[in-house]
Structures are given as structure tokens and as C-alpha cells.
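So this block is data33.json, JSON, C-alpha atoms:
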[["chain", "number", "residue", "atom", "x", "y", "z"],
["I", 23, "MET", "CA", 16.98, -66.27, 16.94],
["I", 24, "ASN", "CA", 18.53, -66.65, 13.48],
["I", 25, "LEU", "CA", 17.36, -63.38, 11.95],
["I", 26, "LYS", "CA", 18.52, -64.19, 8.43],
["I", 27, "ALA", "CA", 16.56, -67.45, 8.41],
["I", 28, "HIS", "CA", 13.55, -65.70, 9.97],
["I", 29, "TYR", "CA", 13.53, -62.95, 7.32],
["I", 30, "ASN", "CA", 14.01, -65.49, 4.51],
["I", 31, "LEU", "CA", 11.11, -67.64, 5.65],
["I", 32, "LEU", "CA", 8.89, -64.59, 6.06],
["I", 33, "TYR", "CA", 9.79, -63.41, 2.58],
["I", 34, "GLU", "CA", 9.16, -66.77, 0.90],
["I", 35, "LYS", "CA", 5.78, -67.30, 2.58],
["I", 36, "SER", "CA", 4.65, -63.72, 1.95],
["I", 37, "LEU", "CA", 5.82, -63.71, -1.66],
["I", 38, "GLU", "CA", 3.60, -66.72, -2.38],
["I", 39, "LYS", "CA", 0.61, -64.77, -1.08],
["I", 40, "ILE", "CA", 1.51, -61.61, -2.98],
["I", 41, "ILE", "CA", 1.97, -63.50, -6.26],
["I", 42, "SER", "CA", -1.41, -65.20, -5.80],
["I", 43, "ASP", "CA", -3.11, -61.87, -4.92],
["I", 44, "ASN", "CA", -3.73, -63.08, -1.40],
["I", 45, "TYR", "CA", -2.11, -60.08, 0.27],
["I", 46, "THR", "CA", -3.74, -57.72, 2.77],
["I", 47, "ILE", "CA", -4.80, -54.23, 1.70],
["I", 48, "ASP", "CA", -4.96, -51.68, 4.52],
["I", 49, "LYS", "CA", -8.23, -49.76, 4.21],
["I", 50, "LEU", "CA", -7.58, -47.48, 7.19],
["I", 51, "ILE", "CA", -4.49, -45.61, 5.97],
["I", 52, "ASP", "CA", -6.50, -42.74, 4.44],
["I", 53, "SER", "CA", -9.43, -42.95, 6.85],
["I", 54, "SER", "CA", -10.21, -39.78, 8.80],
["I", 55, "LYS", "CA", -12.06, -41.97, 11.32],
["I", 56, "ASP", "CA", -8.98, -43.96, 12.35],
["I", 57, "ASN", "CA", -8.41, -43.03, 15.99],
["I", 58, "ARG", "CA", -5.97, -45.78, 16.98],
["I", 59, "PHE", "CA", -3.17, -44.34, 19.13],
["I", 60, "GLY", "CA", -0.57, -45.64, 21.55],
["I", 61, "ILE", "CA", 2.96, -45.04, 22.86],
["I", 62, "THR", "CA", 6.12, -46.56, 21.42],
["I", 63, "LEU", "CA", 9.81, -46.67, 22.28],
["I", 64, "LEU", "CA", 11.70, -46.42, 18.99],
["I", 65, "ILE", "CA", 14.93, -45.84, 17.11],
["I", 66, "ARG", "CA", 15.28, -43.42, 14.20],
["I", 67, "PRO", "CA", 18.00, -44.31, 11.64],
["I", 68, "PRO", "CA", 20.35, -41.51, 10.48],
["I", 69, "LEU", "CA", 19.52, -39.42, 7.43],
["I", 70, "GLU", "CA", 22.04, -41.08, 5.10],
["I", 71, "ILE", "CA", 20.42, -44.47, 5.65],
["I", 72, "LYS", "CA", 16.91, -43.08, 5.24],
["I", 73, "ASN", "CA", 18.00, -41.44, 1.98],
["I", 74, "GLU", "CA", 19.32, -44.79, 0.76],
["I", 75, "ILE", "CA", 15.94, -46.33, 1.57],
["I", 76, "GLN", "CA", 14.20, -43.58, -0.39],
["I", 77, "LYS", "CA", 16.18, -44.50, -3.52],
["I", 78, "PHE", "CA", 14.62, -47.96, -3.27],
["I", 79, "LEU", "CA", 11.15, -46.54, -2.60],
["I", 80, "ASN", "CA", 11.40, -44.11, -5.50],
["I", 81, "GLU", "CA", 11.90, -46.99, -7.92],
["I", 82, "LEU", "CA", 8.73, -48.58, -6.57],
["I", 83, "ARG", "CA", 6.79, -45.29, -6.67],
["I", 84, "ILE", "CA", 7.49, -44.92, -10.38],
["I", 85, "LEU", "CA", 5.82, -48.29, -11.04],
["I", 86, "ASP", "CA", 2.96, -47.93, -8.59],
["I", 87, "SER", "CA", 2.22, -44.60, -6.90],
["I", 88, "ASN", "CA", -0.94, -45.94, -5.25],
["I", 89, "GLN", "CA", 0.81, -47.78, -2.41],
["I", 90, "TYR", "CA", 1.75, -46.25, 0.93],
["I", 91, "TYR", "CA", 5.45, -45.32, 1.10],
["I", 92, "TYR", "CA", 7.05, -44.14, 4.33],
["I", 93, "GLU", "CA", 8.59, -40.67, 4.33],
["I", 94, "ASN", "CA", 11.96, -40.11, 6.01],
["I", 95, "THR", "CA", 10.21, -38.47, 8.98],
["I", 96, "ASP", "CA", 8.28, -41.68, 9.68],
["I", 97, "ILE", "CA", 10.93, -44.39, 9.18],
["I", 98, "HIS", "CA", 11.72, -46.08, 12.50],
["I", 99, "ILE", "CA", 12.61, -49.30, 14.28],
["I", 100, "THR", "CA", 10.22, -50.28, 17.04],
["I", 101, "ILE", "CA", 12.03, -51.21, 20.24],
["I", 102, "MET", "CA", 8.76, -51.91, 22.00],
["I", 103, "SER", "CA", 5.12, -50.88, 21.69],
["I", 104, "LEU", "CA", 4.53, -50.02, 25.33],
["I", 105, "ILE", "CA", 0.86, -49.41, 24.59],
["I", 106, "SER", "CA", -0.14, -50.86, 21.22],
["I", 107, "CYS", "CA", -2.41, -48.54, 19.26],
["I", 108, "TYR", "CA", -6.08, -48.88, 20.04],
["I", 109, "ALA", "CA", -9.15, -46.78, 19.35],
["I", 110, "GLY", "CA", -9.70, -44.03, 21.88],
["I", 111, "PHE", "CA", -6.36, -44.04, 23.71],
["I", 112, "LYS", "CA", -5.46, -40.55, 24.94],
["I", 113, "LEU", "CA", -2.16, -39.30, 26.32],
["I", 114, "GLU", "CA", -3.86, -37.83, 29.37],
["I", 115, "ASP", "CA", -4.83, -41.39, 30.37],
["I", 116, "ILE", "CA", -1.26, -42.07, 31.57],
["I", 117, "ASP", "CA", 1.52, -40.52, 33.67],
["I", 118, "VAL", "CA", 4.43, -40.18, 31.22],
["I", 119, "ALA", "CA", 6.94, -39.53, 34.03],
["I", 120, "LYS", "CA", 6.34, -43.03, 35.43],
["I", 121, "TYR", "CA", 6.98, -44.56, 32.00],
["I", 122, "ASN", "CA", 10.20, -42.53, 31.72],
["I", 123, "ASN", "CA", 11.40, -43.86, 35.07],
["I", 124, "LEU", "CA", 10.97, -47.50, 34.01],
["I", 125, "ILE", "CA", 12.66, -46.85, 30.65],
["I", 126, "LYS", "CA", 15.65, -45.24, 32.40],
["I", 127, "LYS", "CA", 15.82, -48.22, 34.74],
["I", 128, "SER", "CA", 15.74, -50.59, 31.77],
["I", 129, "LEU", "CA", 18.58, -48.68, 30.09],
["I", 130, "SER", "CA", 20.90, -48.73, 33.10],
["I", 131, "ASN", "CA", 23.08, -51.63, 31.86],
["I", 132, "ILE", "CA", 22.63, -51.15, 28.09],
["I", 133, "SER", "CA", 25.32, -49.91, 25.72],
["I", 134, "GLU", "CA", 26.46, -50.14, 22.10],
["I", 135, "ILE", "CA", 23.35, -50.82, 20.09],
["I", 136, "GLU", "CA", 24.46, -51.20, 16.48],
["I", 137, "ILE", "CA", 22.17, -52.11, 13.57],
["I", 138, "GLU", "CA", 22.85, -53.07, 9.96],
["I", 139, "PHE", "CA", 20.10, -52.59, 7.36],
["I", 140, "LYS", "CA", 20.63, -55.17, 4.66],
["I", 141, "GLY", "CA", 18.07, -56.52, 2.25],
["I", 142, "VAL", "CA", 14.29, -56.48, 1.94],
["I", 143, "THR", "CA", 11.71, -58.87, 3.34],
["I", 144, "ALA", "CA", 7.91, -58.95, 3.25],
["I", 145, "SER", "CA", 4.75, -59.75, 5.11],
["I", 146, "PRO", "CA", 1.29, -60.26, 3.57],
["I", 147, "SER", "CA", 0.61, -56.54, 4.15],
["I", 148, "CYS", "CA", 3.92, -54.73, 3.66],
["I", 149, "PHE", "CA", 7.60, -54.66, 2.67],
["I", 150, "MET", "CA", 10.33, -54.13, 5.24],
["I", 151, "ILE", "CA", 14.04, -53.38, 5.35],
["I", 152, "GLN", "CA", 15.85, -56.17, 7.19],
["I", 153, "GLY", "CA", 17.63, -55.03, 10.33],
["I", 154, "PHE", "CA", 20.42, -57.08, 11.89],
["I", 155, "MET", "CA", 21.76, -56.47, 15.40],
["I", 156, "LYS", "CA", 25.52, -56.62, 15.92],
["I", 157, "ASN", "CA", 25.11, -57.78, 19.54],
["I", 158, "GLU", "CA", 22.41, -58.61, 22.09],
["I", 159, "SER", "CA", 22.03, -55.09, 23.51],
["I", 160, "LEU", "CA", 18.69, -54.34, 21.82],
["I", 161, "ASN", "CA", 17.13, -57.62, 22.95],
["I", 162, "ASN", "CA", 18.59, -57.13, 26.43],
["I", 163, "LEU", "CA", 16.85, -53.76, 26.55],
["I", 164, "ARG", "CA", 13.58, -55.36, 25.44],
["I", 165, "ASN", "CA", 13.89, -58.01, 28.13],
["I", 166, "ASN", "CA", 14.56, -55.33, 30.76],
["I", 167, "LEU", "CA", 11.45, -53.46, 29.60],
["I", 168, "ARG", "CA", 9.36, -56.64, 29.81],
["I", 169, "THR", "CA", 10.59, -57.33, 33.34],
["I", 170, "HIS", "CA", 10.00, -53.82, 34.66],
["I", 171, "PHE", "CA", 6.70, -53.03, 32.94],
["I", 172, "LYS", "CA", 5.05, -56.37, 33.56],
["I", 173, "SER", "CA", 5.81, -56.10, 37.27],
["I", 174, "SER", "CA", 4.37, -52.56, 37.38],
["I", 175, "HIS", "CA", 0.77, -51.37, 37.56],
["I", 176, "LEU", "CA", 1.14, -49.11, 34.52],
["I", 177, "GLN", "CA", -1.06, -49.59, 31.49],
["I", 178, "GLN", "CA", 0.95, -51.62, 28.97],
["I", 179, "SER", "CA", 0.51, -54.17, 26.19],
["I", 180, "LEU", "CA", 4.04, -55.51, 25.73],
["I", 181, "ASP", "CA", 4.15, -58.51, 23.35],
["I", 182, "LYS", "CA", 0.35, -58.47, 23.08],
["I", 183, "ARG", "CA", 0.39, -58.66, 19.27],
["I", 184, "TYR", "CA", 3.64, -60.63, 18.96],
["I", 185, "THR", "CA", 6.96, -60.96, 20.76],
["I", 186, "ILE", "CA", 9.26, -58.52, 18.99],
["I", 187, "GLN", "CA", 12.74, -59.89, 18.30],
["I", 188, "THR", "CA", 13.82, -58.18, 15.08],
["I", 189, "ALA", "CA", 15.18, -54.77, 14.06],
["I", 190, "HIS", "CA", 13.27, -54.29, 10.81],
["I", 191, "THR", "CA", 11.65, -51.10, 9.56],
["I", 192, "THR", "CA", 8.42, -51.14, 7.56],
["I", 193, "VAL", "CA", 8.66, -48.92, 4.48],
["I", 194, "VAL", "CA", 5.79, -49.92, 2.13],
["I", 195, "ARG", "CA", 2.19, -50.86, 2.95],
["I", 196, "PHE", "CA", -0.38, -52.16, 0.49],
["I", 197, "LYS", "CA", -3.06, -49.51, 0.09],
["I", 198, "GLU", "CA", -4.51, -50.63, -3.24],
["I", 199, "LYS", "CA", -4.26, -53.64, -5.54],
["I", 200, "LEU", "CA", -0.71, -53.80, -6.92],
["I", 201, "ASN", "CA", -0.20, -52.40, -10.41],
["I", 202, "ASN", "CA", 2.64, -53.79, -12.53],
["I", 203, "LYS", "CA", 3.07, -56.52, -9.94],
["I", 204, "THR", "CA", 5.66, -58.48, -11.92],
["I", 205, "ASP", "CA", 7.94, -55.47, -12.40],
["I", 206, "PHE", "CA", 7.26, -54.32, -8.84],
["I", 207, "LEU", "CA", 8.49, -57.65, -7.47],
["I", 208, "LYS", "CA", 11.55, -57.50, -9.74],
["I", 209, "ILE", "CA", 12.62, -54.32, -7.94],
["I", 210, "ILE", "CA", 12.00, -56.00, -4.57],
["I", 211, "GLU", "CA", 14.23, -58.87, -5.71],
["I", 212, "LYS", "CA", 16.86, -56.40, -6.93],
["I", 213, "TYR", "CA", 17.11, -54.98, -3.39],
["I", 214, "ARG", "CA", 16.73, -58.35, -1.67],
["I", 215, "THR", "CA", 20.33, -58.26, -0.37],
["I", 216, "HIS", "CA", 21.09, -54.54, -0.83],
["I", 217, "ASN", "CA", 23.22, -52.92, 1.88],
["I", 218, "PHE", "CA", 21.42, -49.79, 3.12],
["I", 219, "GLY", "CA", 24.06, -49.07, 5.76],
["I", 220, "SER", "CA", 24.93, -49.59, 9.42],
["I", 221, "PHE", "CA", 24.73, -47.24, 12.38],
["I", 222, "LYS", "CA", 25.26, -47.02, 16.11],
["I", 223, "VAL", "CA", 22.19, -45.90, 18.01],
["I", 224, "LYS", "CA", 22.85, -42.66, 19.89],
["I", 225, "ASN", "CA", 19.35, -41.85, 21.12],
["I", 226, "ILE", "CA", 15.99, -43.53, 21.47],
["I", 227, "GLU", "CA", 12.60, -41.83, 21.66],
["I", 228, "LEU", "CA", 9.37, -42.39, 23.52],
["I", 229, "VAL", "CA", 6.52, -41.16, 21.33],
["I", 230, "TYR", "CA", 2.75, -40.89, 21.26],
["I", 231, "ASN", "CA", 1.79, -42.19, 17.83],
["I", 232, "ASP", "CA", -0.83, -43.35, 15.38],
["I", 233, "TRP", "CA", -0.69, -46.82, 13.79],
["I", 234, "TYR", "CA", 1.63, -45.66, 10.96],
["I", 235, "GLN", "CA", 3.95, -43.35, 12.93],
["I", 236, "ARG", "CA", 3.02, -40.40, 10.70],
["I", 237, "VAL", "CA", 4.83, -37.21, 11.66],
["I", 238, "LYS", "CA", 1.59, -35.18, 11.68],
["I", 239, "PHE", "CA", 0.28, -37.34, 14.53],
["I", 240, "VAL", "CA", 3.47, -38.28, 16.41],
["I", 241, "LYS", "CA", 4.37, -36.39, 19.56],
["I", 242, "LYS", "CA", 7.82, -36.95, 21.04],
["I", 243, "LEU", "CA", 7.44, -37.40, 24.78],
["I", 244, "SER", "CA", 11.04, -38.13, 25.86],
["I", 245, "GLU", "CA", 14.51, -38.85, 24.50],
["I", 246, "PHE", "CA", 17.13, -41.11, 26.07],
["I", 247, "SER", "CA", 20.84, -41.39, 25.29],
["I", 248, "ILE", "CA", 22.70, -44.66, 24.77],
["I", 249, "LYS", "CA", 26.07, -44.77, 26.58],
["I", 250, "TYR", "CA", 29.27, -45.61, 24.67]]

Take the structure in this file and express it as C-alpha cells.
Amino acid sequence: MNLKAHYNLLYEKSLEKIISDNYTIDKLIDSSKDNRFGITLLIRPPLEIKNEIQKFLNELRILDSNQYYYENTDIHITIMSLISCYAGFKLEDIDVAKYNNLIKKSLSNISEIEIEFKGVTASPSCFMIQGFMKNESLNNLRNNLRTHFKSSHLQQSLDKRYTIQTAHTTVVRFKEKLNNKTDFLKIIEKYRTHNFGSFKVKNIELVYNDWYQRVKFVKKLSEFSIKY
């Protein structure tokens, strides 16, 4: 997959919708009745990169404080949604140890995951930092997970929503109608090719999470080291 071309196409198509006010506003972000939960295998970028992302988000916040901006605690890259969030899922429904065993098995031949965050892209519902992989290790891990989980009897929903192939991180969601849309999009364009930094992944986490990966709901279940 040509990630640069993919992100560019996504940005161009989404920008057309945002300009024409045809974007998607998430009405569930502040809802106390939202009980969608699942489990996710994810990567957390280092603090220096998250702080660089916050500089970008702060410029947007000044123009429009009504949108949903990710805090440092919540910024992540999804490796795989093992169980995509759905209403009523409870942690006691699964045996976490069995999930850990398949993750360890999937990691057995994986090393040197390195990611570069460069530029901003969009969807009709959010803005994302573009993540580029320096090698195929992350996708190899995803393929291992697909092989092992789909041949197991464990509850899973791998690729149910879409087949994940990128390394992006979502940082802004539309919660209200955009204020100062023209100036807001100028800041997006300003950061369109901004270098937020690169990092080698040292650890990955298995978490129980809500739809937005908010720290008040997330429970870390396990942590796995990447070999170098």
C-alpha cells in the first residue's frame, strides 16, 4: 500500500465534504449512555511526539474549543481492534490469558517497528496525524494476529469495520459544527506536511477501552516488549 497516496486521497475527499458542511458530527462523545467497549492492541507514542502534536491541537483549540481534542493520555496507534467496541461488552466475558498467548505467538518473529509521524490527513469525522512505517514489521504483526485469531475460537472482530493498514493516530473529532472553518482549515493546511517526529516502538499494550480510548475508561490488561 502506498500510504502517502492513501492519505492524500483521503484528505482531498474529506476536505471537500468538510468545506461543503457535509462532515459527520459525533453525538455520542459526551453521552453518559454510551456503553460501547472492546479490547485493542495499541502503540503509545513517546511524550516528546505527543507534546509536538499538542502544539498543533492548541492552535486549533484557540479557534474552536467546541471540538473534541485528544489528550496526551489518549493518543495512540491502533495495531488491531481485537474486539471492536460494541454496546454491552464486558471484560468478564473473555479469558484475557488466552488473548495474551495468541499475541505473544504473533510477536515471536517481529522486531524493529519504527514509525514516522508526518503531516495531517482527514476523514469526514476527524483529523489524523499521518503515520508512516519504516518497514513491514507492523503489517507482519497484523497478519500474524489475523492468522492466529481467525483460526481460534476466541471472540474477535478483526477487520470487521475495515482492514487496517495504516499507522495514523486520530487527534480531533467533530463534536459540534465548526466555528471559524476557513481559519481552522488554514491551520490544518499549515501542518499538512509537518514533521511530528519518529520513534522506535519499545512496548505495545492490550487494553480494555471505550470508543475514544479515554484514560478514565481504559484499563491496561497486558504489556509486551518488542525485541531489538

(request) Please provide the set of residues having any atom within 9 Å of Lys127 of chain I, restricted to all atoms listed in the file, with same-chain residues fewer than 6 positions apart removed, written as a ChimeraX atom specification. (result) /I:166-167,170

(request) Using atom CA of Leu37 of chain I and atom CA of Lys156 of chain I as the two end points, give the distance in Å to one decimal. (result) 27.3 Å

(message) So that I can check the surroundings of Tyr121 of chain I, please list as an MDAnalysis selection string every protein, DNA and RNA residue that reaches within 9 Å of it, counting all atoms listed in the file and ignoring chain neighbours fewer than 3 positions away.
(response) chainID I and resid 104 116:118 124:126 171 176

(request) Tell me which of I:Thr143, I:Val229, I:Phe218, I:Thr46 sits closest to Ala27 of chain I, counting all atoms listed in the file. (result) I:Thr143

(request) Counting only C-alpha atoms, find the residues whose atoms lie at most 12 Å from (15.5, -55.4, -4.7) (file coordinates) and write them out as a ChimeraX atom specification. (result) /I:75,77-79,81-82,140-144,149-152,205-218

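Atom CA of Leu31 of chain I sits 24.5 Å away from atom CA of Leu180 of chain I.
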
(request) Have a look at I:Tyr250, I:Tyr45, I:Trp233, I:Tyr33 and name the one nearest to Ser133 of chain I; count only C-alpha atoms. (result) I:Tyr250

Return as JSON the centre and edge lengths, in Å with one decimal, of the box along x, y and z that encloses every atom of segment 161-171 of chain I in the file, padded by 8 Å per side.
{"center_x": 12.6, "center_y": -55.5, "center_z": 28.8, "size_x": 27.9, "size_y": 21.0, "size_z": 27.7}

(request) Considering only C-alpha atoms, state which residue in the set I:Pro146, I:Asn123, I:Phe239, I:Ser159 is at the smallest distance from Asp56 of chain I. (result)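 Closest residue, counting only C-alpha atoms: I:Phe239.
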
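Between atom CA of Gln235 of chain I and atom CA of Lys120 of chain I lies a distance of 22.6 Å.
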
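If all atoms listed in the file are the atoms counted, then among I:Ile65, I:Tyr230, I:Tyr91, I:Glu74 the closest residue to Leu160 of chain I is I:Ile65.
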
(message) Measuring between only C-alpha atoms, which one of I:Ile226, I:Glu138, I:Thr169, I:Tyr90 shows the shortest distance to Ile47 of chain I?
(response)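 Using only C-alpha atoms, the shortest distance to Ile47 of chain I belongs to I:Tyr90.
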
(message) I'd like to know which of I:Glu114, I:Lys55, I:Thr192, I:Gly219 is closest to Asn73 of chain I, using all atoms listed in the file.
(response) I:Gly219
